[in-house]
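Peer 1: What follows is a structure written as structure tokens; I'll ask about it next.
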Amino acid sequence: MTDILITGAKTVEGITGDLLIRDGIFIDPAAVTSKVQRIDADGLIALPGLVDLHTHLRQPGREDAETIASGTAAAARGGFTCVHAMANTTPVTDTAEAAEWIAEVGRNQGLAQVVPVGAVTKGLDGAELAELGMMARSKANVRVFSDDGKCVADSMLMRRALSYVSSFGGVVAQHSQDPRLAGESACCHESDFSGRLGLPGWPSQAESVIVARDVQLAELTNSRLHVCHVSTAESVDVIRWAKARGIQVSAEVTPHHLLLDTSLVSGYDTVYKVNPPLRTDEHLAAVREALVDGTIDIVATDHAPHAPQDKDHPFDVALSGMLGLEQALAVIIEVMIKTGRLDWAGVAQRMSYAPARIGQVAGQGRPIAVGEPANLVLIDPSARAVVHKDSSASRSRNNPYHGQELPNPVVTTIWAGRVTYSL
């Protein structure tokens with residue numbers, strides 16, 4: 001592997017200098033030789049490689065929408081060096097063998113580290129626990145378990161899952177959606193607006209009541225809970241209460257729940273159908289504040305590619321989900337950096353250090369320093385561009401930012417000492 005010398009980059013600690021990479025590790029720049037690949041990073045910021053705790057790669061089963069290769073290419077373009085592959089594939093990732101297969105394909109074909117997320121229940125059917133212990137003990141070393149896309153609605157089953165993973169330090173990542181308050185047809189934030197549109201409502205309380213139940217079950221079992229895609233002010237209040245009580249709970253917010261609001265649904269464009277749905281300004285303000293004050297720990301993309309035939313339906317019938325990997329950092333710059341809500345160290349914490357810690361991924365979410373694994377992204381914080389869906393590395397085109405002018409920050413991504421994306 002050729003040495004890489006990065007000159008003039010500024011780290012999140014505010015230090016400008018040279019970085020030298022050899023055999024996938026940062027080493028002392030004084031050890032540079034004549035045989036080196038040089039990258040001029042003058043004016044660029046070096047962030048630790050981004051880590052996504054919530055990615056849908058669709059393989060196996062829906063390779064028409066995404067593959068591990070295409071999804072990790074999109075990840076690299078977004079500055080990510082690690083993604084957690086959700087379990088709602090076909091077949092479901094509910095066995096050790098399935099998890100090991102995904103990890104192996106990731107090693108062979110991925111442009112970022114692929115960490116399998118195991119299902120909580122067999123087949124995601126919410127009836128019987130999956131092979132949690134066997135997945136944890138497998139070569140895939142699964143530590144995060146989720147039925148994402150579906151809620152573990154049965155309280156006793158959720159208690160058992162939390163109790164089980166506590167024995168080996170795992171975490172249950174919950175899709176918080178009460179199936180009685182927000183059933184399968186719910187697709188729009190419940191309000192007068194959803195009524196006018198004639199769309200089935202998804203009340204904010206359908207999220208927060210599950211969060212409230214689950215944090216108490218985490219306390220009961222002395223276990224770790226992670227709340228996926230927080231979207232409501234009520235959920236923020238519950239998580240804040242739970243953290244003050246010392247409950248082991250972490251939470252994520254998606255870029256789209258930080259930037260996009262429910263008014264976009266007015267045109268019935270199914271690219272804006274997502275679960276949980278886009279919310280109102282009140283909820284956007286609450287999740288932004290919670291990301292700043294630490295109530296919400298991380299940003300996670302919930303990257304959810306869909307083939308055209310799955311989105312080309314009436315709004316209430318189309319599948320939920322939107323692309324997120326390539327514009328995640330752009331949205332955070334727009335919403336959090338430009339407004340002064342976060343600095344670059346705060347971005348590194350929420351998009352690299354903390355997600356790697358929650359997911360227990362060795363070698364990721366580490367500072368840019370001599371002796372550490374060489375995972376980083378070089379960004380130009382001033383660059384901007386109009387997003388075009390057809391420029392995506394993903395196989396899908398359900399990009400909610402299409403046509404918007406946003407930051408276009410990623411210049412180079414390096415994973416394990418290898419350039420995986422370069423502008």
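Residue numbering restarts at 1 in every chain; chains get A, B, ... in the order shown in the structure tokens, and ligands count up from 1 in that same order.
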Once DSSP has gone over the backbone, tell me which residues of stretch 264-350 of chain A are in helix (DSSP H, G or I), as a ChimeraX atom specification.
Peer 2: /A:264-267,270-272,281-293,308-311,328-337,344-350
Peer 1: Please provide as a list of chain:residue names all residues within 7 Å of stretch 226-240 of chain A, with the sequence filter that same-chain residues fewer than 5 positions apart are discarded (counting only C-alpha atoms).
Peer 2: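 So the residues in contact are A:Val171, A:Val172, A:Ala173, A:Gln174, A:His175, A:Ser204, A:Gln205, A:Glu207, A:Ser208, A:Val211, A:Ala212, A:Val249, A:Ser250, A:Ala251, A:Glu252, A:Val253, A:Thr254, A:His257, A:Pro276, A:Arg279, A:His283, A:Ala286, A:Val287, A:Ala290, A:Thr295.
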Peer 1: Just C-alpha atoms for this one: save the residues we selected as a JSON list (two decimals), in the first residue's frame.
Peer 2:
[["chain", "number", "residue", "atom", "x", "y", "z"],
["A", 171, "VAL", "CA", -27.83, -2.66, 22.60],
["A", 172, "VAL", "CA", -31.39, -2.84, 21.27],
["A", 173, "ALA", "CA", -32.15, -0.12, 18.72],
["A", 174, "GLN", "CA", -35.89, 0.47, 18.65],
["A", 175, "HIS", "CA", -38.12, 1.78, 15.88],
["A", 204, "SER", "CA", -46.21, 12.29, 17.55],
["A", 205, "GLN", "CA", -47.38, 10.44, 20.68],
["A", 207, "GLU", "CA", -43.46, 7.56, 18.99],
["A", 208, "SER", "CA", -43.11, 8.95, 22.49],
["A", 211, "VAL", "CA", -39.91, 5.55, 24.00],
["A", 212, "ALA", "CA", -41.41, 6.05, 27.47],
["A", 249, "VAL", "CA", -30.35, 5.26, 26.69],
["A", 250, "SER", "CA", -28.87, 6.81, 23.57],
["A", 251, "ALA", "CA", -30.71, 8.39, 20.66],
["A", 252, "GLU", "CA", -30.28, 9.45, 17.06],
["A", 253, "VAL", "CA", -31.80, 12.01, 14.73],
["A", 254, "THR", "CA", -31.72, 11.88, 10.94],
["A", 257, "HIS", "CA", -35.80, 15.33, 10.48],
["A", 276, "PRO", "CA", -41.44, 8.36, 11.04],
["A", 279, "ARG", "CA", -42.79, 16.77, 11.31],
["A", 283, "HIS", "CA", -40.61, 19.26, 16.43],
["A", 286, "ALA", "CA", -36.91, 20.37, 19.57],
["A", 287, "VAL", "CA", -34.67, 17.78, 17.90],
["A", 290, "ALA", "CA", -31.64, 18.09, 21.71],
["A", 295, "THR", "CA", -30.14, 14.59, 24.75]]
Peer 1: Hey, which bits of stretch 347-417 of chain A sit within 8 Å of stretch 9-31 of chain A, and for each residue what's the closest pair of atoms and how far apart in Å (one decimal), counting only C-alpha atoms, rows by chain and increasing number, as a tab-separated table?
Peer 2:
residue	atom	partner	partner_atom	distance
A:Ala348	CA	A:Val12	CA	7.5
A:Ile368	CA	A:Phe26	CA	7.5
A:Ala369	CA	A:Phe26	CA	6.3
A:Val370	CA	A:Phe26	CA	4.8
A:Gly371	CA	A:Phe26	CA	5.4
A:Glu372	CA	A:Phe26	CA	5.7
A:Pro373	CA	A:Ile25	CA	4.6
A:Ala374	CA	A:Ile25	CA	4.8
A:Leu378	CA	A:Ala9	CA	7.8
A:Trp415	CA	A:Gly24	CA	8.0
A:Ala416	CA	A:Gly24	CA	4.6
A:Gly417	CA	A:Gly24	CA	3.8
Peer 1: Pick the closest to A:Gly403 from A:Ala186, A:Ala385, A:Leu258, A:Val299: which is it, counting only C-alpha atoms?
Peer 2: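 Closest to A:Gly403, using only C-alpha atoms: A:Ala385.
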Peer 1: Among stretch 93-134 of chain A, which residues carry a DSSP assignment of strand (DSSP E), reported as an MDAnalysis selection string?
Peer 2: chainID A and resid 113:116
Peer 1: Would you write out those residues with N, CA, C and O atoms, as a PDB file, in the first residue's frame?
Peer 2:
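Output file result01.pdb is given in full below:
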ATOM      1  N   GLN A 113     -16.406   0.169   5.982  1.00  0.00           N
ATOM      2  CA  GLN A 113     -16.614  -0.987   6.843  1.00  0.00           C
ATOM      3  C   GLN A 113     -18.117  -1.230   6.997  1.00  0.00           C
ATOM      4  O   GLN A 113     -18.880  -0.308   7.278  1.00  0.00           O
ATOM      5  N   VAL A 114     -18.535  -2.469   6.821  1.00  0.00           N
ATOM      6  CA  VAL A 114     -19.944  -2.839   6.943  1.00  0.00           C
ATOM      7  C   VAL A 114     -20.125  -3.673   8.209  1.00  0.00           C
ATOM      8  O   VAL A 114     -19.561  -4.758   8.333  1.00  0.00           O
ATOM      9  N   VAL A 115     -20.900  -3.146   9.152  1.00  0.00           N
ATOM     10  CA  VAL A 115     -21.158  -3.813  10.421  1.00  0.00           C
ATOM     11  C   VAL A 115     -22.603  -4.299  10.430  1.00  0.00           C
ATOM     12  O   VAL A 115     -23.526  -3.497  10.363  1.00  0.00           O
ATOM     13  N   PRO A 116     -22.839  -5.608  10.492  1.00  0.00           N
ATOM     14  CA  PRO A 116     -24.214  -6.096  10.471  1.00  0.00           C
ATOM     15  C   PRO A 116     -24.962  -5.757  11.763  1.00  0.00           C
ATOM     16  O   PRO A 116     -24.414  -5.859  12.864  1.00  0.00           O
TER      17      PRO A 116
END
Peer 1: Here is a test: counting only C-alpha atoms, which residue of A:Ser167, A:Thr33, A:Ile332, A:Thr270 is nearest to A:Asp312?
Peer 2: A:Thr270
Peer 1: List the spatial neighbours of stretch 50-55 of chain A as a ChimeraX atom specification - criterion: any atom at most 8 Å away, only C-alpha atoms, same-chain residues fewer than 4 positions off excluded.
Peer 2: /A:79-86,299-304,348,351-353,355-356,359,364-365,376-377
Peer 1: Next, the residues of the selection above should be written as a PDB file, in the first residue's frame with C-alpha atoms.
Peer 2:
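Generated output (result_7.pdb):
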ATOM      1  CA  GLY A  79     -17.531  10.928   4.070  1.00  0.00           C
ATOM      2  CA  PHE A  80     -18.462   7.704   5.877  1.00  0.00           C
ATOM      3  CA  THR A  81     -15.909   5.015   6.620  1.00  0.00           C
ATOM      4  CA  CYS A  82     -18.309   2.717   8.493  1.00  0.00           C
ATOM      5  CA  VAL A  83     -21.983   1.856   8.129  1.00  0.00           C
ATOM      6  CA  HIS A  84     -24.264  -0.404  10.166  1.00  0.00           C
ATOM      7  CA  ALA A  85     -26.381  -2.540   7.846  1.00  0.00           C
ATOM      8  CA  MET A  86     -29.938  -2.893   9.118  1.00  0.00           C
ATOM      9  CA  VAL A 299     -26.811  11.847  13.670  1.00  0.00           C
ATOM     10  CA  ALA A 300     -27.748   8.684  11.742  1.00  0.00           C
ATOM     11  CA  THR A 301     -28.901   8.702   8.134  1.00  0.00           C
ATOM     12  CA  ASP A 302     -31.607   6.003   7.954  1.00  0.00           C
ATOM     13  CA  HIS A 303     -30.462   5.752   4.325  1.00  0.00           C
ATOM     14  CA  ALA A 304     -33.386   3.915   2.729  1.00  0.00           C
ATOM     15  CA  ALA A 348     -16.985  14.804  14.964  1.00  0.00           C
ATOM     16  CA  MET A 351     -21.110  11.708  13.499  1.00  0.00           C
ATOM     17  CA  SER A 352     -17.982   9.697  14.341  1.00  0.00           C
ATOM     18  CA  TYR A 353     -16.942   9.237  17.967  1.00  0.00           C
ATOM     19  CA  PRO A 355     -21.850   6.331  16.890  1.00  0.00           C
ATOM     20  CA  ALA A 356     -18.710   4.185  16.939  1.00  0.00           C
ATOM     21  CA  GLY A 359     -22.035   0.462  18.014  1.00  0.00           C
ATOM     22  CA  GLN A 364     -13.649   3.609  13.997  1.00  0.00           C
ATOM     23  CA  GLY A 365     -14.516   6.894  15.643  1.00  0.00           C
ATOM     24  CA  LEU A 376     -10.793  10.397   7.731  1.00  0.00           C
ATOM     25  CA  VAL A 377     -12.687  12.705   5.423  1.00  0.00           C
TER      26      VAL A 377
END
Peer 1: Which neighbours of stretch 213-225 of chain A fall inside 10 Å, counting only C-alpha atoms, when residues of the same chain fewer than 5 positions from it are skipped, and could you give them as a ChimeraX atom specification?
Peer 2: /A:144-145,152-153,155-156,158-167,169-174,176,208,238-239,241-243,245-251,358
Peer 1: Using only C-alpha atoms, what table do you get, as CSV, when you list each residue of stretch 201-315 of chain A with an atom no more than 12 Å from stretch 388-402 of chain A, its nearest pair of atoms, and their distance in Å rounded to one decimal, rows by chain then rising number?
Peer 2:
residue,atom,partner,partner_atom,distance
A:Pro255,CA,A:Tyr401,CA,10.6
A:His256,CA,A:Pro400,CA,8.2
A:His257,CA,A:Pro400,CA,11.5
A:Leu259,CA,A:Tyr401,CA,9.9
A:Leu260,CA,A:Pro400,CA,8.7
A:Asp261,CA,A:Pro400,CA,11.3
A:Leu264,CA,A:Pro400,CA,9.7
A:Val265,CA,A:Pro400,CA,11.1
A:Asp269,CA,A:Pro400,CA,9.6
A:Thr270,CA,A:Asn398,CA,8.5
A:Val271,CA,A:Asn398,CA,5.4
A:Tyr272,CA,A:Pro400,CA,6.3
A:Lys273,CA,A:Pro400,CA,9.4
A:Val274,CA,A:Pro400,CA,10.1
A:Leu278,CA,A:Pro400,CA,11.3
A:His303,CA,A:Asn399,CA,9.8
A:Ala304,CA,A:Asn398,CA,8.5
A:Pro305,CA,A:Ser396,CA,5.4
A:His306,CA,A:Ser396,CA,5.7
A:Ala307,CA,A:Ser396,CA,5.7
A:Pro308,CA,A:Ser396,CA,7.4
A:Gln309,CA,A:Ser396,CA,10.7
A:Asp310,CA,A:Asn398,CA,10.2
A:Lys311,CA,A:Asn398,CA,8.0
A:Asp312,CA,A:Asn398,CA,10.5
Peer 1: In Å to one decimal, how far is atom CA of A:Gly49 from atom CA of A:Ile414?
Peer 2: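 Interatomic distance here is 7.5 Å.
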Peer 1: Given only C-alpha atoms as the basis, pick out the residue of A:Gln404, A:Thr90, A:Asn141, A:Thr420 nearest to A:Ala73.
Peer 2: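 Looking at the shortest contact to A:Ala73, the residue is A:Thr420.
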Peer 1: Ranking A:Val347, A:Val419, A:Cys187, A:Leu44 by minimum distance to A:Leu319 and counting only C-alpha atoms, which one comes first?
Peer 2: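 Using only C-alpha atoms, A:Leu319 sits closest to A:Cys187.
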